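Participant: Okay, here's the structure, questions in a sec.
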Amino acid sequence: MTVHQPIGPVDATKVPRFAGLGTFARLPQIDRVPDYDIAVVGVPFDGGTSFRPGARFGPAAVREASRLLRPGYHVELDVEPVREVQVVDAGDIVCTPYDIARAVREIEEQALPLLGEGKRLISIGGDHTIALPMLRALNKVHGPVALLHFDAHLDTWGTYFDQPVTHGTIFRRAFEEGLLVQDSSMHVGIRGPVYDRNDFLRDHEFGFQIIRCSDLDTLGVPAAVEQVKNRLGDTPVYVSIDIDVLDPSYAPGTGTPEMGGLHSRELLALLRGLEGINIVGADVVEVAPAYDHADITSVAAATLVFDLLGLMVKGDRGAGEDFDVLSSLQGAHHE
């Protein structure tokens, strides 16, 4: 972590949240601080999408929605992420919208310098294609990682239209390239029809376990959290959240919506229950604001990025450092 006092976001009691620069949660830009611990970066690429385009506008929409955040204190995680470490907005990665292979190379090349020693990166997509170059860059720093993948879809399919890398193939490619720790990765929230009954057999061969949305009806969130944590163990983890893991009623602004998804509170409970896992990188992808209503998808994505920040910082704490404000207040009330 940085040893200097972190520079936090603009004070919302002095500058209204609808004013000022539109960085994520109005955090400082990367060139305004001497060093940083966690960078949030936009990746406005949607050339790998197979249905509704528009996720290239996701980073801008999520940043705008993040003005609603009060990032000083995360109540449920009992952490002050932007005060305990230096978090910055690293702007957008610049990549071609016309060539998937070239764009993937450009994303990896620009992500790698942001992942210096002890530094972590949360990327805002863009379509899910961006996860592959992020995993490639991360592997050059950490080696193979476990993948925790929240999504309606497996994203372990084969080549589409002669294109080996699309938003539906990235985790198959990641497995083939040895980017993932063997038999340590999970999908959560999978649902809907697939191309072939063997899609699940192949996915299992790639080393994934699956918690489908329908499984949560019987498992419940606490048991699902326990299953995920047992699977991941102490392995370095990359968390990839496709916003379509949420039901379209909670996230209509996405390219491939599927009914029967997670409720927003279920997703937050699943994510916040993972306190203690070793998150070394993350993304939130597939926000397509043109299909959104009242910015609810962008607000959901911004909230998830803030939760990922909280989980990263909480995981860095030593034992005995927690102080639960709500529990303390409840105790005082009972006295």
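In the structure tokens, each chain is lettered A, B, ... as it comes, each chain's residues begin at 1, and ligands are numbered from 1 in order of appearance.
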Please produce, as a Markdown table, a per-residue contact table for segment 281-324 of chain A versus segment 19-35 of chain A (criterion: any atom at most 12 Å away, only C-alpha atoms considered), showing the nearest atom pair and its distance in Å to one decimal, sorted by chain then residue number.

Facilitator:
```
| residue | atom | partner | partner_atom | distance |
| --- | --- | --- | --- | --- |
| A:Ser298 | CA | A:Phe24 | CA | 11.9 |
| A:Val299 | CA | A:Ala25 | CA | 11.4 |
| A:Ala301 | CA | A:Phe24 | CA | 11.4 |
| A:Ala302 | CA | A:Phe24 | CA | 8.2 |
| A:Thr303 | CA | A:Ala25 | CA | 10.0 |
| A:Val305 | CA | A:Phe24 | CA | 9.3 |
| A:Phe306 | CA | A:Ala25 | CA | 8.6 |
| A:Leu309 | CA | A:Ala25 | CA | 11.5 |
```

Participant: Within 9 Å of Gln110 of chain A, counting only C-alpha atoms, which residues qualify if same-chain residues fewer than 4 places away don't, as a ChimeraX atom specification?

Facilitator: /A:93-94,105-106,114,137

Participant: List as a ChimeraX atom specification the protein and nucleic acid residues near Asp234 of chain A, meaning an atom at most 9 Å away when only C-alpha atoms are counted, but skip any in the same chain fewer than 4 places from it.

Facilitator: /A:229,276-278

Participant: Per DSSP on the backbone, filter segment 207-305 of chain A down to the residues in strand (DSSP E) and report them as a list in words.

Facilitator: Phe208, Gln209, Ile210, Ile211, Arg212, Val237, Tyr238, Val239, Ser240, Ile241, Asp242, Ile279, Val280, Gly281, Ala282, Asp283, Val284 and Val285 of chain A

Participant: Quick one: everything within 9 Å of segment 252-261 of chain A, counting only C-alpha atoms, minus sequence neighbours fewer than 4 positions away in the same chain. Send it as an MDAnalysis selection string.

Facilitator: chainID A and resid 49:55 127 152:153 189:192 213:214 243:248 286:293 295:298

Participant: Quick one: residues within 7 Å of Arg120 of chain A, only C-alpha atoms counted, chain neighbours fewer than 3 positions away excluded, as a PyMOL selection string?

Facilitator: chain A and resi 37-39+115+280-281

Participant: Which value, in Å to one decimal, gives the distance between atom CA of Trp157 of chain A and atom CA of Thr169 of chain A?

Facilitator: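 A separation of 4.8 Å between them.
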
Participant: Rank A:His167, A:Val15, A:Leu121, A:Ile107 by their smallest atom-to-atom distance to Gly48 of chain A, using only C-alpha atoms, and report the top residue only.

Facilitator: A:His167

Participant: Can you tell me which residues surround segment 170-179 of chain A at a distance of at most 9 Å, considering only C-alpha atoms, apart from same-chain residues fewer than 2 positions away, and format the answer as a JSON list (two decimals) with C-alpha atoms, in the first residue's frame?

Facilitator:
```json
[["chain", "number", "residue", "atom", "x", "y", "z"],
["A", 128, "HIS", "CA", -16.68, -9.21, -22.10],
["A", 129, "THR", "CA", -13.92, -9.58, -24.70],
["A", 130, "ILE", "CA", -11.81, -7.22, -22.57],
["A", 131, "ALA", "CA", -11.45, -9.87, -19.83],
["A", 132, "LEU", "CA", -9.01, -11.91, -21.93],
["A", 135, "LEU", "CA", -6.11, -11.86, -17.70],
["A", 136, "ARG", "CA", -3.09, -11.99, -20.01],
["A", 138, "LEU", "CA", -2.44, -10.05, -14.91],
["A", 139, "ASN", "CA", -0.70, -13.37, -15.56],
["A", 143, "GLY", "CA", 0.93, -16.06, -12.92],
["A", 144, "PRO", "CA", -2.25, -18.17, -13.31],
["A", 145, "VAL", "CA", -5.26, -17.07, -11.26],
["A", 146, "ALA", "CA", -8.64, -18.48, -10.33],
["A", 147, "LEU", "CA", -11.60, -16.94, -12.14],
["A", 154, "LEU", "CA", -20.71, -19.54, -19.85],
["A", 155, "ASP", "CA", -18.45, -17.59, -22.25],
["A", 156, "THR", "CA", -16.47, -20.79, -22.90],
["A", 157, "TRP", "CA", -17.79, -21.39, -26.41],
["A", 158, "GLY", "CA", -15.67, -21.93, -29.52],
["A", 164, "PRO", "CA", -11.52, -17.09, -32.05],
["A", 165, "VAL", "CA", -11.84, -14.20, -29.59],
["A", 166, "THR", "CA", -15.29, -12.72, -28.92],
["A", 167, "HIS", "CA", -17.25, -11.92, -25.79],
["A", 168, "GLY", "CA", -18.54, -15.52, -25.74],
["A", 181, "VAL", "CA", -5.35, -22.18, -12.06],
["A", 182, "GLN", "CA", -6.45, -25.75, -12.73],
["A", 203, "ASP", "CA", -17.13, -26.28, -19.65],
["A", 206, "PHE", "CA", -12.11, -26.55, -18.84],
["A", 207, "GLY", "CA", -12.06, -26.75, -15.03]]
```

Participant: Wanna dump the segment 259-296 of chain A-segment 69-86 of chain A contacts at 12 Å for me, each residue with its shortest atom pair and the distance in Å to one decimal, counting only C-alpha atoms, ordered by chain and number, as CSV?

Facilitator:
```
residue,atom,partner,partner_atom,distance
A:Leu268,CA,A:Glu76,CA,9.9
A:Ala269,CA,A:Glu76,CA,9.6
A:Leu271,CA,A:Leu77,CA,10.4
A:Arg272,CA,A:Leu77,CA,6.9
A:Gly273,CA,A:Leu77,CA,9.1
A:Leu274,CA,A:Leu77,CA,10.3
A:Glu275,CA,A:Leu77,CA,7.9
A:Gly276,CA,A:Leu77,CA,10.8
```

Participant: If you measure from atom CA of Ser240 of chain A to atom CA of Asp151 of chain A, what distance in Å do you get, rounded to one decimal?

Facilitator: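 So the two atoms, atom CA of Ser240 of chain A and atom CA of Asp151 of chain A, lie 8.3 Å apart.
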
Participant: Figure out the distance between atom CA of Lys314 of chain A and atom CA of Arg231 of chain A, please, to one decimal in Å.

Facilitator: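 Going from atom CA of Arg231 of chain A over to atom CA of Lys314 of chain A covers 20.1 Å.
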
Participant: Which residues are close to His204 of chain A, i.e. within 10 Å by only C-alpha atoms, leaving aside same-chain residues fewer than 5 positions away? Reply as a PDB file with C-alpha atoms, in the first residue's frame.

Facilitator:
```
ATOM      1  CA  ASP A 183      -9.847 -26.710 -11.244  1.00  0.00           C
ATOM      2  CA  MET A 186     -16.433 -20.864 -10.990  1.00  0.00           C
ATOM      3  CA  ASN A 198     -22.530 -30.765 -24.396  1.00  0.00           C
ATOM      4  CA  ASP A 199     -21.664 -27.119 -23.726  1.00  0.00           C
ATOM      5  CA  GLN A 209     -17.834 -25.426 -11.494  1.00  0.00           C
ATOM      6  CA  ILE A 210     -21.244 -23.796 -11.954  1.00  0.00           C
TER       7      ILE A 210
END
```

Participant: From a DSSP calculation on the backbone, collect every residue of segment 94-290 of chain A in alpha helix (DSSP H) and output the set as a PDB file with N, CA and C atoms, in the first residue's frame.

Facilitator:
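Here's the written file out15.pdb:
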```pdb
ATOM      1  N   ILE A 100     -10.588  -6.988 -33.783  1.00  0.00           N
ATOM      2  CA  ILE A 100     -10.619  -7.588 -32.445  1.00  0.00           C
ATOM      3  C   ILE A 100      -9.222  -7.974 -31.981  1.00  0.00           C
ATOM      4  N   ALA A 101      -8.465  -8.673 -32.833  1.00  0.00           N
ATOM      5  CA  ALA A 101      -7.148  -9.152 -32.426  1.00  0.00           C
ATOM      6  C   ALA A 101      -6.230  -7.994 -32.062  1.00  0.00           C
ATOM      7  N   ARG A 102      -6.253  -6.949 -32.867  1.00  0.00           N
ATOM      8  CA  ARG A 102      -5.413  -5.794 -32.574  1.00  0.00           C
ATOM      9  C   ARG A 102      -5.876  -5.096 -31.299  1.00  0.00           C
ATOM     10  N   ALA A 103      -7.195  -4.945 -31.126  1.00  0.00           N
ATOM     11  CA  ALA A 103      -7.719  -4.296 -29.928  1.00  0.00           C
ATOM     12  C   ALA A 103      -7.305  -5.054 -28.671  1.00  0.00           C
ATOM     13  N   VAL A 104      -7.369  -6.379 -28.730  1.00  0.00           N
ATOM     14  CA  VAL A 104      -6.988  -7.194 -27.580  1.00  0.00           C
ATOM     15  C   VAL A 104      -5.512  -6.976 -27.233  1.00  0.00           C
ATOM     16  N   ARG A 105      -4.662  -6.895 -28.246  1.00  0.00           N
ATOM     17  CA  ARG A 105      -3.241  -6.611 -27.997  1.00  0.00           C
ATOM     18  C   ARG A 105      -3.061  -5.230 -27.368  1.00  0.00           C
ATOM     19  N   GLU A 106      -3.780  -4.255 -27.876  1.00  0.00           N
ATOM     20  CA  GLU A 106      -3.654  -2.887 -27.358  1.00  0.00           C
ATOM     21  C   GLU A 106      -4.131  -2.786 -25.921  1.00  0.00           C
ATOM     22  N   ILE A 107      -5.207  -3.500 -25.594  1.00  0.00           N
ATOM     23  CA  ILE A 107      -5.713  -3.485 -24.214  1.00  0.00           C
ATOM     24  C   ILE A 107      -4.691  -4.092 -23.267  1.00  0.00           C
ATOM     25  N   GLU A 108      -4.128  -5.239 -23.641  1.00  0.00           N
ATOM     26  CA  GLU A 108      -3.118  -5.874 -22.795  1.00  0.00           C
ATOM     27  C   GLU A 108      -1.904  -4.971 -22.610  1.00  0.00           C
ATOM     28  N   GLU A 109      -1.422  -4.371 -23.701  1.00  0.00           N
ATOM     29  CA  GLU A 109      -0.230  -3.522 -23.639  1.00  0.00           C
ATOM     30  C   GLU A 109      -0.434  -2.320 -22.727  1.00  0.00           C
ATOM     31  N   GLN A 110      -1.635  -1.755 -22.722  1.00  0.00           N
ATOM     32  CA  GLN A 110      -1.888  -0.566 -21.908  1.00  0.00           C
ATOM     33  C   GLN A 110      -2.290  -0.913 -20.477  1.00  0.00           C
ATOM     34  N   ALA A 111      -2.820  -2.125 -20.267  1.00  0.00           N
ATOM     35  CA  ALA A 111      -3.174  -2.546 -18.909  1.00  0.00           C
ATOM     36  C   ALA A 111      -1.940  -2.923 -18.103  1.00  0.00           C
ATOM     37  N   ALA A 131     -11.967  -9.057 -20.939  1.00  0.00           N
ATOM     38  CA  ALA A 131     -11.452  -9.867 -19.835  1.00  0.00           C
ATOM     39  C   ALA A 131     -10.227 -10.671 -20.242  1.00  0.00           C
ATOM     40  N   LEU A 132     -10.148 -11.089 -21.498  1.00  0.00           N
ATOM     41  CA  LEU A 132      -9.012 -11.907 -21.935  1.00  0.00           C
ATOM     42  C   LEU A 132      -7.698 -11.121 -21.896  1.00  0.00           C
ATOM     43  N   PRO A 133      -7.608  -9.940 -22.506  1.00  0.00           N
ATOM     44  CA  PRO A 133      -6.346  -9.204 -22.386  1.00  0.00           C
ATOM     45  C   PRO A 133      -6.023  -8.801 -20.953  1.00  0.00           C
ATOM     46  N   MET A 134      -7.042  -8.564 -20.142  1.00  0.00           N
ATOM     47  CA  MET A 134      -6.791  -8.245 -18.736  1.00  0.00           C
ATOM     48  C   MET A 134      -6.176  -9.454 -18.024  1.00  0.00           C
ATOM     49  N   LEU A 135      -6.688 -10.649 -18.295  1.00  0.00           N
ATOM     50  CA  LEU A 135      -6.112 -11.860 -17.699  1.00  0.00           C
ATOM     51  C   LEU A 135      -4.691 -12.095 -18.204  1.00  0.00           C
ATOM     52  N   ARG A 136      -4.443 -11.826 -19.478  1.00  0.00           N
ATOM     53  CA  ARG A 136      -3.091 -11.987 -20.006  1.00  0.00           C
ATOM     54  C   ARG A 136      -2.115 -11.052 -19.301  1.00  0.00           C
ATOM     55  N   ALA A 137      -2.519  -9.790 -19.118  1.00  0.00           N
ATOM     56  CA  ALA A 137      -1.654  -8.832 -18.424  1.00  0.00           C
ATOM     57  C   ALA A 137      -1.447  -9.242 -16.975  1.00  0.00           C
ATOM     58  N   LEU A 138      -2.519  -9.664 -16.319  1.00  0.00           N
ATOM     59  CA  LEU A 138      -2.442 -10.052 -14.913  1.00  0.00           C
ATOM     60  C   LEU A 138      -1.515 -11.253 -14.723  1.00  0.00           C
ATOM     61  N   ASN A 139      -1.546 -12.184 -15.665  1.00  0.00           N
ATOM     62  CA  ASN A 139      -0.698 -13.373 -15.561  1.00  0.00           C
ATOM     63  C   ASN A 139       0.790 -13.028 -15.634  1.00  0.00           C
ATOM     64  N   LYS A 140       1.134 -11.960 -16.300  1.00  0.00           N
ATOM     65  CA  LYS A 140       2.533 -11.544 -16.373  1.00  0.00           C
ATOM     66  C   LYS A 140       3.029 -11.011 -15.039  1.00  0.00           C
ATOM     67  N   VAL A 141       2.105 -10.686 -14.144  1.00  0.00           N
ATOM     68  CA  VAL A 141       2.462 -10.197 -12.807  1.00  0.00           C
ATOM     69  C   VAL A 141       2.277 -11.282 -11.759  1.00  0.00           C
ATOM     70  N   HIS A 142       1.162 -12.008 -11.818  1.00  0.00           N
ATOM     71  CA  HIS A 142       0.793 -12.956 -10.767  1.00  0.00           C
ATOM     72  C   HIS A 142       0.888 -14.414 -11.181  1.00  0.00           C
ATOM     73  N   ILE A 170     -13.989 -15.959 -24.469  1.00  0.00           N
ATOM     74  CA  ILE A 170     -12.748 -15.546 -23.806  1.00  0.00           C
ATOM     75  C   ILE A 170     -12.247 -16.516 -22.746  1.00  0.00           C
ATOM     76  N   PHE A 171     -13.157 -17.159 -22.024  1.00  0.00           N
ATOM     77  CA  PHE A 171     -12.670 -18.006 -20.934  1.00  0.00           C
ATOM     78  C   PHE A 171     -12.248 -19.392 -21.428  1.00  0.00           C
ATOM     79  N   ARG A 172     -12.733 -19.777 -22.592  1.00  0.00           N
ATOM     80  CA  ARG A 172     -12.165 -20.965 -23.255  1.00  0.00           C
ATOM     81  C   ARG A 172     -10.724 -20.676 -23.670  1.00  0.00           C
ATOM     82  N   ARG A 173     -10.517 -19.494 -24.267  1.00  0.00           N
ATOM     83  CA  ARG A 173      -9.161 -19.099 -24.664  1.00  0.00           C
ATOM     84  C   ARG A 173      -8.258 -18.975 -23.430  1.00  0.00           C
ATOM     85  N   ALA A 174      -8.787 -18.427 -22.342  1.00  0.00           N
ATOM     86  CA  ALA A 174      -7.984 -18.279 -21.122  1.00  0.00           C
ATOM     87  C   ALA A 174      -7.531 -19.634 -20.602  1.00  0.00           C
ATOM     88  N   PHE A 175      -8.433 -20.627 -20.646  1.00  0.00           N
ATOM     89  CA  PHE A 175      -8.072 -21.985 -20.231  1.00  0.00           C
ATOM     90  C   PHE A 175      -7.010 -22.558 -21.155  1.00  0.00           C
ATOM     91  N   GLU A 176      -7.211 -22.421 -22.454  1.00  0.00           N
ATOM     92  CA  GLU A 176      -6.270 -22.977 -23.420  1.00  0.00           C
ATOM     93  C   GLU A 176      -4.880 -22.359 -23.303  1.00  0.00           C
ATOM     94  N   ASP A 199     -22.360 -28.342 -24.141  1.00  0.00           N
ATOM     95  CA  ASP A 199     -21.664 -27.119 -23.726  1.00  0.00           C
ATOM     96  C   ASP A 199     -21.237 -27.200 -22.266  1.00  0.00           C
ATOM     97  N   PHE A 200     -22.084 -27.805 -21.445  1.00  0.00           N
ATOM     98  CA  PHE A 200     -21.755 -27.910 -20.016  1.00  0.00           C
ATOM     99  C   PHE A 200     -20.664 -28.949 -19.771  1.00  0.00           C
ATOM    100  N   LEU A 201     -20.648 -30.006 -20.562  1.00  0.00           N
ATOM    101  CA  LEU A 201     -19.593 -31.010 -20.420  1.00  0.00           C
ATOM    102  C   LEU A 201     -18.239 -30.416 -20.782  1.00  0.00           C
ATOM    103  N   ARG A 202     -18.203 -29.664 -21.862  1.00  0.00           N
ATOM    104  CA  ARG A 202     -16.944 -29.030 -22.262  1.00  0.00           C
ATOM    105  C   ARG A 202     -16.501 -28.013 -21.205  1.00  0.00           C
ATOM    106  N   ASP A 203     -17.455 -27.266 -20.676  1.00  0.00           N
ATOM    107  CA  ASP A 203     -17.131 -26.279 -19.651  1.00  0.00           C
ATOM    108  C   ASP A 203     -16.491 -26.952 -18.434  1.00  0.00           C
ATOM    109  N   HIS A 204     -17.033 -28.106 -18.057  1.00  0.00           N
ATOM    110  CA  HIS A 204     -16.463 -28.861 -16.939  1.00  0.00           C
ATOM    111  C   HIS A 204     -15.036 -29.304 -17.255  1.00  0.00           C
ATOM    112  N   GLU A 205     -14.799 -29.695 -18.504  1.00  0.00           N
ATOM    113  CA  GLU A 205     -13.452 -30.100 -18.911  1.00  0.00           C
ATOM    114  C   GLU A 205     -12.466 -28.932 -18.834  1.00  0.00           C
ATOM    115  N   CYS A 213     -28.502 -19.933 -11.597  1.00  0.00           N
ATOM    116  CA  CYS A 213     -29.492 -19.131 -10.869  1.00  0.00           C
ATOM    117  C   CYS A 213     -30.524 -20.029 -10.191  1.00  0.00           C
ATOM    118  N   SER A 214     -30.940 -21.082 -10.876  1.00  0.00           N
ATOM    119  CA  SER A 214     -31.929 -21.989 -10.293  1.00  0.00           C
ATOM    120  C   SER A 214     -31.365 -22.731  -9.080  1.00  0.00           C
ATOM    121  N   ASP A 215     -30.051 -22.940  -9.023  1.00  0.00           N
ATOM    122  CA  ASP A 215     -29.444 -23.578  -7.855  1.00  0.00           C
ATOM    123  C   ASP A 215     -29.623 -22.725  -6.599  1.00  0.00           C
ATOM    124  N   LEU A 216     -29.626 -21.406  -6.782  1.00  0.00           N
ATOM    125  CA  LEU A 216     -29.756 -20.520  -5.628  1.00  0.00           C
ATOM    126  C   LEU A 216     -31.122 -20.642  -4.967  1.00  0.00           C
ATOM    127  N   ASP A 217     -32.113 -21.104  -5.748  1.00  0.00           N
ATOM    128  CA  ASP A 217     -33.443 -21.285  -5.171  1.00  0.00           C
ATOM    129  C   ASP A 217     -33.432 -22.344  -4.067  1.00  0.00           C
ATOM    130  N   THR A 218     -32.553 -23.322  -4.192  1.00  0.00           N
ATOM    131  CA  THR A 218     -32.467 -24.375  -3.178  1.00  0.00           C
ATOM    132  C   THR A 218     -31.266 -24.184  -2.254  1.00  0.00           C
ATOM    133  N   LEU A 219     -30.161 -23.719  -2.809  1.00  0.00           N
ATOM    134  CA  LEU A 219     -28.958 -23.519  -1.993  1.00  0.00           C
ATOM    135  C   LEU A 219     -29.107 -22.361  -1.024  1.00  0.00           C
ATOM    136  N   VAL A 221     -28.197 -18.029  -0.636  1.00  0.00           N
ATOM    137  CA  VAL A 221     -26.977 -17.254  -0.794  1.00  0.00           C
ATOM    138  C   VAL A 221     -25.865 -17.699   0.146  1.00  0.00           C
ATOM    139  N   PRO A 222     -26.113 -17.901   1.444  1.00  0.00           N
ATOM    140  CA  PRO A 222     -25.009 -18.281   2.329  1.00  0.00           C
ATOM    141  C   PRO A 222     -24.297 -19.563   1.912  1.00  0.00           C
ATOM    142  N   ALA A 223     -25.051 -20.577   1.506  1.00  0.00           N
ATOM    143  CA  ALA A 223     -24.429 -21.831   1.070  1.00  0.00           C
ATOM    144  C   ALA A 223     -23.656 -21.642  -0.233  1.00  0.00           C
ATOM    145  N   ALA A 224     -24.182 -20.801  -1.122  1.00  0.00           N
ATOM    146  CA  ALA A 224     -23.476 -20.523  -2.369  1.00  0.00           C
ATOM    147  C   ALA A 224     -22.156 -19.816  -2.090  1.00  0.00           C
ATOM    148  N   VAL A 225     -22.166 -18.859  -1.185  1.00  0.00           N
ATOM    149  CA  VAL A 225     -20.938 -18.155  -0.806  1.00  0.00           C
ATOM    150  C   VAL A 225     -19.913 -19.132  -0.248  1.00  0.00           C
ATOM    151  N   GLU A 226     -20.361 -20.024   0.611  1.00  0.00           N
ATOM    152  CA  GLU A 226     -19.448 -21.016   1.189  1.00  0.00           C
ATOM    153  C   GLU A 226     -18.849 -21.904   0.107  1.00  0.00           C
ATOM    154  N   GLN A 227     -19.682 -22.320  -0.857  1.00  0.00           N
ATOM    155  CA  GLN A 227     -19.195 -23.170  -1.950  1.00  0.00           C
ATOM    156  C   GLN A 227     -18.140 -22.441  -2.774  1.00  0.00           C
ATOM    157  N   VAL A 228     -18.388 -21.170  -3.071  1.00  0.00           N
ATOM    158  CA  VAL A 228     -17.419 -20.389  -3.845  1.00  0.00           C
ATOM    159  C   VAL A 228     -16.117 -20.239  -3.073  1.00  0.00           C
ATOM    160  N   LYS A 229     -16.194 -19.893  -1.798  1.00  0.00           N
ATOM    161  CA  LYS A 229     -14.979 -19.661  -1.008  1.00  0.00           C
ATOM    162  C   LYS A 229     -14.174 -20.946  -0.848  1.00  0.00           C
ATOM    163  N   ASN A 230     -14.854 -22.066  -0.698  1.00  0.00           N
ATOM    164  CA  ASN A 230     -14.144 -23.353  -0.609  1.00  0.00           C
ATOM    165  C   ASN A 230     -13.433 -23.666  -1.919  1.00  0.00           C
ATOM    166  N   ARG A 231     -14.066 -23.310  -3.018  1.00  0.00           N
ATOM    167  CA  ARG A 231     -13.479 -23.573  -4.331  1.00  0.00           C
ATOM    168  C   ARG A 231     -12.244 -22.699  -4.584  1.00  0.00           C
ATOM    169  N   LEU A 232     -12.332 -21.437  -4.207  1.00  0.00           N
ATOM    170  CA  LEU A 232     -11.257 -20.489  -4.496  1.00  0.00           C
ATOM    171  C   LEU A 232     -10.086 -20.628  -3.533  1.00  0.00           C
ATOM    172  N   SER A 264     -30.784  -7.690  -7.606  1.00  0.00           N
ATOM    173  CA  SER A 264     -29.621  -6.874  -7.263  1.00  0.00           C
ATOM    174  C   SER A 264     -29.155  -7.152  -5.839  1.00  0.00           C
ATOM    175  N   ARG A 265     -30.094  -7.355  -4.916  1.00  0.00           N
ATOM    176  CA  ARG A 265     -29.694  -7.606  -3.525  1.00  0.00           C
ATOM    177  C   ARG A 265     -29.012  -8.966  -3.387  1.00  0.00           C
ATOM    178  N   GLU A 266     -29.440  -9.957  -4.193  1.00  0.00           N
ATOM    179  CA  GLU A 266     -28.767 -11.258  -4.177  1.00  0.00           C
ATOM    180  C   GLU A 266     -27.327 -11.137  -4.644  1.00  0.00           C
ATOM    181  N   LEU A 267     -27.120 -10.383  -5.727  1.00  0.00           N
ATOM    182  CA  LEU A 267     -25.761 -10.235  -6.246  1.00  0.00           C
ATOM    183  C   LEU A 267     -24.870  -9.528  -5.231  1.00  0.00           C
ATOM    184  N   LEU A 268     -25.389  -8.479  -4.617  1.00  0.00           N
ATOM    185  CA  LEU A 268     -24.591  -7.771  -3.615  1.00  0.00           C
ATOM    186  C   LEU A 268     -24.277  -8.684  -2.430  1.00  0.00           C
ATOM    187  N   ALA A 269     -25.240  -9.485  -2.010  1.00  0.00           N
ATOM    188  CA  ALA A 269     -24.999 -10.403  -0.887  1.00  0.00           C
ATOM    189  C   ALA A 269     -23.959 -11.456  -1.248  1.00  0.00           C
ATOM    190  N   LEU A 270     -24.015 -11.979  -2.461  1.00  0.00           N
ATOM    191  CA  LEU A 270     -23.017 -12.944  -2.909  1.00  0.00           C
ATOM    192  C   LEU A 270     -21.630 -12.325  -2.922  1.00  0.00           C
ATOM    193  N   LEU A 271     -21.543 -11.136  -3.475  1.00  0.00           N
ATOM    194  CA  LEU A 271     -20.250 -10.476  -3.595  1.00  0.00           C
ATOM    195  C   LEU A 271     -19.695 -10.103  -2.224  1.00  0.00           C
ATOM    196  N   ARG A 272     -20.518  -9.499  -1.394  1.00  0.00           N
ATOM    197  CA  ARG A 272     -20.043  -9.055  -0.085  1.00  0.00           C
ATOM    198  C   ARG A 272     -19.728 -10.225   0.833  1.00  0.00           C
TER     199      ARG A 272
END
```
